[in-house]
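One structure is given below, encoded as structure tokens.
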Amino acid sequence: MAGKKIYKTLYFWVLFGIAAGIIIGFIPQTKAFASGLEPLAKTFIKMVKMVIAPIIFCTVVTGIAKMGDMGKVGRVGLKAMLYFWTMTLFALAIGLAVVNITKPGVGLDDYAAKMQADAAGVKKVQAYAGETKKLSTVDFLTNIVPDSVVGAFSKGDILQVLFFSILFGTGLSALGDRARNVM
């Protein structure tokens, strides 16, 4: 039996969709068609956001509960944190290198002075920036704990879902074999 046909694989269709989107977006005659596809794109993004929290919950809970030994969970968690910090450091280094080489934004002040940015655009940016608020460390840490589990899932607050998942998985792990039917 030969291998799976390439056009029957998911990654082929993902790459095909990306290529088709790029082509449709760049051809001037298809701009109206491409903008007509916006509801499809928004719906797809909403669908992805809809499944993220349950996937994280199920993955974390079953991972912690099936490990059983909390020392093993801690070691895996520490390794995951070290991996995350290392990859973040590499990403920051790459970003700094690219910024220093390409120097984005150079000359933008001169361009903005020439264009005399309209007041409505500036007010929109200021209103958007004003909506953000600075969280203190204490506020951030207390915000990790959700008001309710359902609220964390409905808002899509992934950090709160992750916190609850860790607690729930730890609780199932403590139950041992009695929790086997739940998993």
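Simple scheme: letters A, B, ... for chains in structure tokens order, numbers from 1 for residues in each chain, numbers from 1 for ligands in the order shown.
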
- Query: Could you pull out the helix (DSSP H, G or I) residues of range 47-164 of chain A from DSSP and send them as a ChimeraX atom specification?
  - Reply: /A:47-67,70-102,108-115,119-131,137-144,149-155,158-164

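The space between CA of Gly25 in chain A and CA of Pro104 in chain A spans 24.0 Å.
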
- Item | A:Phe168, A:Tyr128, A:Phe153, A:Phe163 ranked by distance to Lys49 in chain A, top pick (using only C-alpha atoms) | A:Phe153

- Message: Can you measure CA of Leu175 in chain A to CA of Pro54 in chain A for me? One decimal in Å is fine.
- Response: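 Computing it gives 22.1 Å between the two atoms.
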
- Message: Set the distance at 10 Å and use only C-alpha atoms: which residues neighbour Asp157 in chain A once local chain neighbours fewer than 3 positions away are removed? I'd like the list as a list in words.
- Response: Ala53, Asn143, Ile144, Pro146, Gly151, Ala152, Phe153, Ser154, Gln160, Val161 and Leu162 of chain A
